[in-house]
Structures are given as C-alpha cells and as structure tokens.
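File shown: work.pdb. Contents: PDB, C-alpha atoms and all ligand atoms.
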```
ATOM      1  CA  MET E 200      85.068  88.096  86.004
ATOM      2  CA  ALA E 201      86.381  86.369  89.123
ATOM      3  CA  ALA E 202      84.847  87.766  92.301
ATOM      4  CA  GLU E 203      87.372  89.834  94.287
ATOM      5  CA  LYS E 204      87.899  88.524  97.798
ATOM      6  CA  SER E 205      87.221  91.059 100.534
ATOM      7  CA  PRO E 206      89.735  91.840 103.313
ATOM      8  CA  ARG E 207      87.383  90.046 105.679
ATOM      9  CA  VAL E 208      88.015  86.850 103.726
ATOM     10  CA  LEU E 209      91.668  87.526 102.950
ATOM     11  CA  TRP E 210      92.862  88.266 106.510
ATOM     12  CA  PRO E 211      92.130  84.820 107.965
ATOM     13  CA  LEU E 212      93.663  83.170 104.893
ATOM     14  CA  LEU E 213      96.804  85.257 105.239
ATOM     15  CA  LEU E 214      97.135  84.566 108.973
ATOM     16  CA  GLU E 215      96.627  80.860 108.359
ATOM     17  CA  GLU E 216      99.310  80.868 105.660
ATOM     18  CA  ILE E 217     101.786  82.677 107.927
ATOM     19  CA  ARG E 218     101.141  80.264 110.799
ATOM     20  CA  ALA E 219     101.813  77.261 108.555
ATOM     21  CA  CYS E 220     104.725  78.834 106.641
ATOM     22  CA  GLN E 221     107.834  76.795 105.885
ATOM     23  CA  LYS E 222     109.482  79.169 103.425
ATOM     24  CA  CYS E 223     112.686  79.529 105.437
ATOM     25  CA  GLY E 224     114.628  77.729 108.140
ATOM     26  CA  LEU E 225     113.192  79.882 110.942
ATOM     27  CA  CYS E 226     110.085  77.678 110.946
ATOM     28  CA  GLN E 227     112.178  74.853 112.421
ATOM     29  CA  GLY E 228     112.942  76.730 115.638
ATOM     30  CA  ARG E 229     109.627  78.423 116.217
ATOM     31  CA  THR E 230     107.031  77.573 118.837
ATOM     32  CA  GLN E 231     104.570  79.520 116.761
ATOM     33  CA  ALA E 232     104.632  82.211 114.123
ATOM     34  CA  VAL E 233     103.788  85.788 115.096
ATOM     35  CA  PRO E 234     101.826  87.314 112.213
ATOM     36  CA  GLY E 235     101.039  90.652 113.879
ATOM     37  CA  GLU E 236      98.037  92.139 115.615
ATOM     38  CA  GLY E 237      95.992  95.260 116.088
ATOM     39  CA  ASN E 238      93.457  97.316 114.233
ATOM     40  CA  VAL E 239      93.447  96.228 110.589
ATOM     41  CA  LEU E 240      91.792  99.540 109.691
ATOM     42  CA  SER E 241      94.407 101.679 111.435
ATOM     43  CA  PRO E 242      96.164 104.431 109.485
ATOM     44  CA  LEU E 243      99.274 103.665 111.556
ATOM     45  CA  LEU E 244     101.448 100.565 111.158
ATOM     46  CA  PHE E 245     104.505  99.796 113.308
ATOM     47  CA  VAL E 246     107.030  97.294 111.999
ATOM     48  CA  GLY E 247     109.674  95.653 114.174
ATOM     49  CA  GLU E 248     112.399  93.148 113.390
ATOM     50  CA  GLY E 249     111.110  89.768 114.466
ATOM     51  CA  PRO E 250     109.648  87.900 117.420
ATOM     52  CA  GLY E 251     111.652  87.369 120.587
ATOM     53  CA  ALA E 252     111.197  84.620 123.191
ATOM     54  CA  ARG E 253     107.949  85.908 124.686
ATOM     55  CA  GLU E 254     106.473  86.648 121.279
ATOM     56  CA  ASP E 255     107.404  83.136 120.101
ATOM     57  CA  ALA E 256     105.744  81.675 123.202
ATOM     58  CA  THR E 257     102.545  83.727 122.948
ATOM     59  CA  GLY E 258     102.163  84.256 119.186
ATOM     60  CA  ARG E 259     101.778  88.012 119.786
ATOM     61  CA  PRO E 260     104.150  90.809 118.675
ATOM     62  CA  PHE E 261     105.952  93.093 121.121
ATOM     63  CA  VAL E 262     104.804  91.558 124.397
ATOM     64  CA  GLY E 263     108.223  91.319 126.121
ATOM     65  CA  ALA E 264     110.096  94.138 127.844
ATOM     66  CA  ALA E 265     110.512  96.109 124.585
ATOM     67  CA  GLY E 266     106.809  95.677 123.855
ATOM     68  CA  GLN E 267     105.847  96.989 127.267
ATOM     69  CA  LEU E 268     107.950 100.075 126.593
ATOM     70  CA  LEU E 269     106.270 100.432 123.179
ATOM     71  CA  ASP E 270     102.887 100.304 124.943
ATOM     72  CA  ARG E 271     103.994 103.099 127.291
ATOM     73  CA  MET E 272     105.224 105.222 124.398
ATOM     74  CA  LEU E 273     101.941 104.709 122.568
ATOM     75  CA  GLY E 274     100.122 105.684 125.753
ATOM     76  CA  ALA E 275     102.186 108.868 125.970
ATOM     77  CA  ILE E 276     100.810 109.956 122.581
ATOM     78  CA  GLY E 277      97.268 109.006 123.523
ATOM     79  CA  LEU E 278      97.096 105.603 121.835
ATOM     80  CA  VAL E 279      96.611 102.020 122.930
ATOM     81  CA  ARG E 280      98.061  99.152 120.921
ATOM     82  CA  GLU E 281      94.589  98.012 119.847
ATOM     83  CA  GLN E 282      94.298 101.235 117.805
ATOM     84  CA  VAL E 283      97.356 100.555 115.644
ATOM     85  CA  TYR E 284      98.673  97.528 113.783
ATOM     86  CA  ILE E 285     101.967  95.973 114.911
ATOM     87  CA  ALA E 286     103.913  93.589 112.680
ATOM     88  CA  ASN E 287     107.467  92.420 112.078
ATOM     89  CA  ILE E 288     109.794  91.897 109.121
ATOM     90  CA  VAL E 289     110.038  88.173 109.925
ATOM     91  CA  LYS E 290     107.181  86.299 111.533
ATOM     92  CA  CYS E 291     109.244  83.582 113.223
ATOM     93  CA  ARG E 292     111.853  84.008 115.951
ATOM     94  CA  PRO E 293     115.468  84.062 114.787
ATOM     95  CA  PRO E 294     117.600  81.907 117.114
ATOM     96  CA  GLY E 295     119.183  83.843 119.955
ATOM     97  CA  ASN E 296     117.300  86.968 118.800
ATOM     98  CA  ARG E 297     119.809  87.577 116.015
ATOM     99  CA  ALA E 298     118.800  89.828 113.131
ATOM    100  CA  PRO E 299     117.115  87.957 110.276
ATOM    101  CA  THR E 300     119.351  87.105 107.326
ATOM    102  CA  PRO E 301     118.564  88.740 103.960
ATOM    103  CA  ASP E 302     117.228  85.372 102.719
ATOM    104  CA  GLU E 303     114.900  85.018 105.704
ATOM    105  CA  ALA E 304     113.681  88.588 105.277
ATOM    106  CA  ALA E 305     113.149  88.054 101.541
ATOM    107  CA  ALA E 306     111.144  84.882 102.196
ATOM    108  CA  CYS E 307     108.914  86.676 104.719
ATOM    109  CA  LEU E 308     108.490  90.126 103.153
ATOM    110  CA  PRO E 309     105.604  89.090 100.868
ATOM    111  CA  TYR E 310     103.546  88.564 104.036
ATOM    112  CA  LEU E 311     104.240  92.100 105.233
ATOM    113  CA  ARG E 312     103.441  93.418 101.744
ATOM    114  CA  ALA E 313     100.122  91.556 101.849
ATOM    115  CA  GLN E 314      99.407  93.040 105.282
ATOM    116  CA  VAL E 315     100.194  96.542 104.011
ATOM    117  CA  ALA E 316      97.928  95.983 100.988
ATOM    118  CA  LEU E 317      95.052  95.000 103.282
ATOM    119  CA  ILE E 318      95.585  97.637 105.996
ATOM    120  CA  ARG E 319      96.488 100.434 103.569
ATOM    121  CA  PRO E 320      98.173 102.463 106.349
ATOM    122  CA  GLN E 321      98.923 106.122 105.798
ATOM    123  CA  ILE E 322     101.887 106.070 108.179
ATOM    124  CA  ILE E 323     104.448 103.293 108.576
ATOM    125  CA  VAL E 324     106.927 103.521 111.455
ATOM    126  CA  CYS E 325     110.007 101.291 111.296
ATOM    127  CA  LEU E 326     111.254 100.300 114.739
ATOM    128  CA  GLY E 327     115.011  99.898 114.433
ATOM    129  CA  ALA E 328     117.556  99.165 111.752
ATOM    130  CA  THR E 329     116.105  95.975 110.272
ATOM    131  CA  PRO E 330     112.690  97.310 109.216
ATOM    132  CA  ALA E 331     114.280 100.661 108.283
ATOM    133  CA  ARG E 332     116.615  98.872 105.906
ATOM    134  CA  TYR E 333     114.012  96.637 104.276
ATOM    135  CA  ILE E 334     111.205  99.198 104.089
ATOM    136  CA  MET E 335     112.924 102.558 103.640
ATOM    137  CA  GLY E 336     116.040 101.425 101.808
ATOM    138  CA  GLU E 337     119.343  99.695 102.345
ATOM    139  CA  ASP E 338     121.213 102.945 103.026
ATOM    140  CA  THR E 339     118.935 103.997 105.868
ATOM    141  CA  ARG E 340     120.735 104.517 109.171
ATOM    142  CA  VAL E 341     118.472 104.921 112.175
ATOM    143  CA  THR E 342     120.884 107.103 114.133
ATOM    144  CA  ARG E 343     121.197 109.495 111.189
ATOM    145  CA  ASP E 344     117.741 109.252 109.614
ATOM    146  CA  ARG E 345     115.378 108.754 112.554
ATOM    147  CA  GLY E 346     112.502 111.190 112.747
ATOM    148  CA  LYS E 347     112.759 112.193 109.073
ATOM    149  CA  TRP E 348     109.659 111.623 106.984
ATOM    150  CA  LEU E 349     109.868 109.998 103.610
ATOM    151  CA  GLU E 350     106.862 109.656 101.340
ATOM    152  CA  ARG E 351     106.313 106.702  99.061
ATOM    153  CA  LYS E 352     103.136 106.119  97.037
ATOM    154  CA  GLY E 353     101.256 108.480  99.328
ATOM    155  CA  VAL E 354     102.400 106.654 102.482
ATOM    156  CA  ARG E 355     104.515 108.493 105.057
ATOM    157  CA  LEU E 356     107.451 106.474 106.332
ATOM    158  CA  MET E 357     109.625 107.127 109.354
ATOM    159  CA  CYS E 358     112.176 105.168 111.318
ATOM    160  CA  THR E 359     112.982 105.514 114.978
ATOM    161  CA  PHE E 360     114.937 103.540 117.556
ATOM    162  CA  HIS E 361     113.743 100.055 118.423
ATOM    163  CA  PRO E 362     112.334 100.092 121.975
ATOM    164  CA  ALA E 363     114.911  97.436 122.953
ATOM    165  CA  ALA E 364     117.628  99.963 122.034
ATOM    166  CA  LEU E 365     116.016 102.467 124.408
ATOM    167  CA  LEU E 366     116.184  99.892 127.202
ATOM    168  CA  ARG E 367     119.901  99.449 126.551
ATOM    169  CA  ASP E 368     120.734 103.130 126.120
ATOM    170  CA  GLU E 369     118.824 105.777 128.068
ATOM    171  CA  SER E 370     120.223 108.602 125.919
ATOM    172  CA  LYS E 371     118.068 107.404 123.004
ATOM    173  CA  LYS E 372     114.836 107.964 124.912
ATOM    174  CA  ARG E 373     114.587 111.718 124.300
ATOM    175  CA  PRO E 374     115.025 111.536 120.506
ATOM    176  CA  ALA E 375     112.610 108.582 120.388
ATOM    177  CA  TRP E 376     110.068 110.623 122.345
ATOM    178  CA  GLU E 377     110.457 113.455 119.821
ATOM    179  CA  ASP E 378     109.783 110.944 117.034
ATOM    180  CA  PHE E 379     106.637 109.723 118.760
ATOM    181  CA  GLN E 380     105.435 113.300 119.130
ATOM    182  CA  ALA E 381     105.970 113.757 115.387
ATOM    183  CA  ILE E 382     103.953 110.576 114.769
ATOM    184  CA  ARG E 383     101.150 111.956 116.942
ATOM    185  CA  ASP E 384     101.219 115.249 114.999
ATOM    186  CA  ALA E 385     101.152 113.411 111.662
ATOM    187  CA  LEU E 386      98.139 111.400 112.817
ATOM    188  CA  HIS E 387      96.349 114.592 113.832
ATOM    189  CA  THR E 388      97.031 116.066 110.394
ATOM    190  CA  LEU E 389      95.453 112.983 108.792
ATOM    191  CA  LYS E 390      92.373 113.434 110.943
ATOM    192  CA  LEU E 391      92.150 117.111 109.978
ATOM    193  CA  ASN E 392      92.497 116.216 106.312
ATOM    194  CA  THR E 393      89.757 113.622 106.617
ATOM    195  CA  GLU E 394      87.487 116.063 108.415
ATOM    196  CA  GLU E 395      88.063 118.698 105.791
ATOM    197  CA  GLU E 396      87.024 116.431 102.921
ATOM    198  CA  PRO E 397      83.651 117.424 101.450
TER     199      PRO E 397
HETATM  200  N1  LIG E 401     111.209  92.900 118.913
HETATM  201  C1  LIG E 401     110.701  92.975 117.669
HETATM  202  O1  LIG E 401     111.346  93.502 116.772
HETATM  203  N2  LIG E 401     109.505  92.469 117.447
HETATM  204  C2  LIG E 401     108.759  91.903 118.386
HETATM  205  O2  LIG E 401     107.649  91.462 118.092
HETATM  206  C3  LIG E 401     109.308  91.858 119.679
HETATM  207  C4  LIG E 401     110.526  92.352 119.934
END
```
For the structure just supplied, provide its representation as structure tokens.
Amino acid sequence: MAAEKSPRVLWPLLLEEIRACQKCGLCQGRTQAVPGEGNVLSPLLFVGEGPGAREDATGRPFVGAAGQLLDRMLGAIGLVREQVYIANIVKCRPPGNRAPTPDEAAACLPYLRAQVALIRPQIIVCLGATPARYIMGEDTRVTRDRGKWLERKGVRLMCTFHPAALLRDESKKRPAWEDFQAIRDALHTLKLNTEEEP
C-alpha cells in the first residue's frame, strides 16, 4: 500500500504548485501568487475573492486597506489573523481588481479544495459575493443571505460582506459586526463541544 503523505509534506508541495501555477491567464499579470496564510490547524477559514495590488506585491492575503479592516474585526472578536487561515477563490490578482471569471475560478478552485482538505475547518466564512457564490451556491446573495448558517458535510458555512464593501459603505458595518459576533459565538460552541468530549 502506498504510504499516505502527511499534511506536513503536502502543504509545501501545494504552496509550491500554486506559486508556479499557469492554469489560467491570471498568471501572466501576477507579480506573485498569493496562496493564503495563517494557522493550518485552525477551525476557522476565511475566503476572499482574490489578491489586490498589495497582496500581489507581497504574496500575502488581505494586507491592503480591506485586510487591515479584517484584522480589526478579528481583533474585535478576540482573534489575531495568525489564529485563523485566510485564503482566496483565485490565487493570482485579476487585472484592475475585477472579479475572477468563472473559468479562472474553476481553474483555481482545486487549490482551495486541497487547502480545505488539509485544514479541515469547522467554520468557513465567505467574504463577499464571489466566495459566497462559489462555495455556498450560485444563488447566494450576500445582502439577503449574510449571517445565515448553512451546514455542509459537518462544516458550518456563512457569508458576510467583504471588508472592502464596508470601506465603501458605512451602513454595512453594523450587520457585518453582527456576523462577526455570530462567528465568535460559533467558535465558542466548538470549544465547548470539544471540552465536553470524553
Ligand atoms: N480582497 C480579497 O478578496 N482578497 C485579498 O486577499 C485582498 C483583498
């Protein structure tokens, strides 16, 4: 029987593959790919749309203005980004920060699936319409469905506004804050469940 590779072996291989990827045209415009970062053992995974200019320049997700707001929102629920994992639907920057095309998303989604298989998160939060659509389903509308939990294969899924949307529209901040409080409560429930296990 072939020896199963451990996550410790698989992670570097996956990151290397993402950094060298040429599966869609986005590779032509990138400075570098942005695979994702954080705690690979975290129960909580955030998924955004795709890298912007600063992410493309640094190779790190959510480090621009939207990322700084995400950091503050995490802080408000008692978390730092190193405690969660942060990834995107596409790993290379779409030109002009446009949304990825369905073909680009389809080419890149196997990487996110591989990340989910390795992290095995218990909660996945979709930041904005693009991840909501590809992860929760095509009919998902963030304005209508944000904050509602969906469960799939034992994983709790939720979408909320993308932090960049909060920077553009102040009125979205309160509902987004409510969503983050619900995420905090869901995390606490997981901890209680774990503690209660014999
Ligand atoms: N917006 C995203 O969706 N992802 C990032 O990594 C940065 C900004």
*Residues within 12 Å of range 303-310 of chain E, only C-alpha atoms, excluding chain neighbours under 2 positions, as a PyMOL selection string*: chain E and resi 209-210+212-218+220-226+232-235+246+248-249+286-293+297-301+312-317+329-330+332-334
Counting only C-alpha atoms and all ligand atoms, which residues of chain E fall within 6 Å of ligand LIG 401 (chain E), and what is the closest atom pair for each with its distance in Å at one decimal, ordered by chain and rising number, as CSV?
```
residue,atom,partner,partner_atom,distance
E:Gly247,CA,E:LIG401,O1,3.8
E:Glu248,CA,E:LIG401,O1,3.6
E:Gly249,CA,E:LIG401,N2,4.3
E:Pro250,CA,E:LIG401,O2,4.1
E:Gly251,CA,E:LIG401,C3,5.1
E:Glu254,CA,E:LIG401,O2,5.9
E:Pro260,CA,E:LIG401,O2,3.6
E:Phe261,CA,E:LIG401,O2,3.8
E:Ala265,CA,E:LIG401,C4,6.0
E:Asn287,CA,E:LIG401,N2,5.7
```
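For range 368-373 of chain E, the set of protein, DNA and RNA residues having any atom at most 12 Å away, when counting all atoms listed in the file and skipping those fewer than 6 positions along the same chain, is E:Leu268, E:Leu269, E:Met272, E:Gly327, E:Val341, E:Thr342, E:Arg345, E:Gly346, E:Thr359, E:Phe360, E:His361, E:Pro362, E:Phe379, E:Gln380.
Put simply, CA of Ala264 in chain E is 15.4 Å away from CA of Ile285 in chain E.
Taking CA of Ala331 in chain E and CA of Leu386 in chain E as the two end points, the separation is 19.9 Å.
CA of Thr230 in chain E sits 19.8 Å away from CA of Pro211 in chain E.
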*asked:* Using only C-alpha atoms - which residues lie no farther than 10 Å from the point (102.7, 103.0, 112.1) in the file's frame? Write them as a ChimeraX atom specification.
replied: /E:241-246,283-286,320-326,355-358,382,386
Residues just named, written with C-alpha atoms as a PDB file, keeping the file's coordinate frame:
```pdb
ATOM      1  CA  SER E 241      94.407 101.679 111.435  1.00  0.00           C
ATOM      2  CA  PRO E 242      96.164 104.431 109.485  1.00  0.00           C
ATOM      3  CA  LEU E 243      99.274 103.665 111.556  1.00  0.00           C
ATOM      4  CA  LEU E 244     101.448 100.565 111.158  1.00  0.00           C
ATOM      5  CA  PHE E 245     104.505  99.796 113.308  1.00  0.00           C
ATOM      6  CA  VAL E 246     107.030  97.294 111.999  1.00  0.00           C
ATOM      7  CA  VAL E 283      97.356 100.555 115.644  1.00  0.00           C
ATOM      8  CA  TYR E 284      98.673  97.528 113.783  1.00  0.00           C
ATOM      9  CA  ILE E 285     101.967  95.973 114.911  1.00  0.00           C
ATOM     10  CA  ALA E 286     103.913  93.589 112.680  1.00  0.00           C
ATOM     11  CA  PRO E 320      98.173 102.463 106.349  1.00  0.00           C
ATOM     12  CA  GLN E 321      98.923 106.122 105.798  1.00  0.00           C
ATOM     13  CA  ILE E 322     101.887 106.070 108.179  1.00  0.00           C
ATOM     14  CA  ILE E 323     104.448 103.293 108.576  1.00  0.00           C
ATOM     15  CA  VAL E 324     106.927 103.521 111.455  1.00  0.00           C
ATOM     16  CA  CYS E 325     110.007 101.291 111.296  1.00  0.00           C
ATOM     17  CA  LEU E 326     111.254 100.300 114.739  1.00  0.00           C
ATOM     18  CA  ARG E 355     104.515 108.493 105.057  1.00  0.00           C
ATOM     19  CA  LEU E 356     107.451 106.474 106.332  1.00  0.00           C
ATOM     20  CA  MET E 357     109.625 107.127 109.354  1.00  0.00           C
ATOM     21  CA  CYS E 358     112.176 105.168 111.318  1.00  0.00           C
ATOM     22  CA  ILE E 382     103.953 110.576 114.769  1.00  0.00           C
ATOM     23  CA  LEU E 386      98.139 111.400 112.817  1.00  0.00           C
TER      24      LEU E 386
END
```
Step by step, gather every atom of range 376-380 of chain E that the file lists, find the box along x, y and z that holds them, add 8 Å on each side, and finally give centre and edge lengths in Å to one decimal, as lines of an AutoDock Vina configuration file.
```
center_x = 107.9
center_y = 111.6
center_z = 119.7
size_x = 21.0
size_y = 19.7
size_z = 21.3
```
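Residues of protein, DNA and RNA with at least one atom no farther than 6 Å from (107.8, 86.8, 127.1) are, using only C-alpha atoms, Ala252, Arg253, Glu254 and Gly263 of chain E.
Here the question is which of E:Val262, E:Val239, E:Leu273, E:Leu278 gets nearest to Ala363 in chain E using only C-alpha atoms, and that residue is E:Val262.
Between Gly266 in chain E and the residues E:Glu203, E:Arg280, E:Asp384, E:Gly295, the shortest atom-to-atom distance, using only C-alpha atoms, involves E:Arg280.
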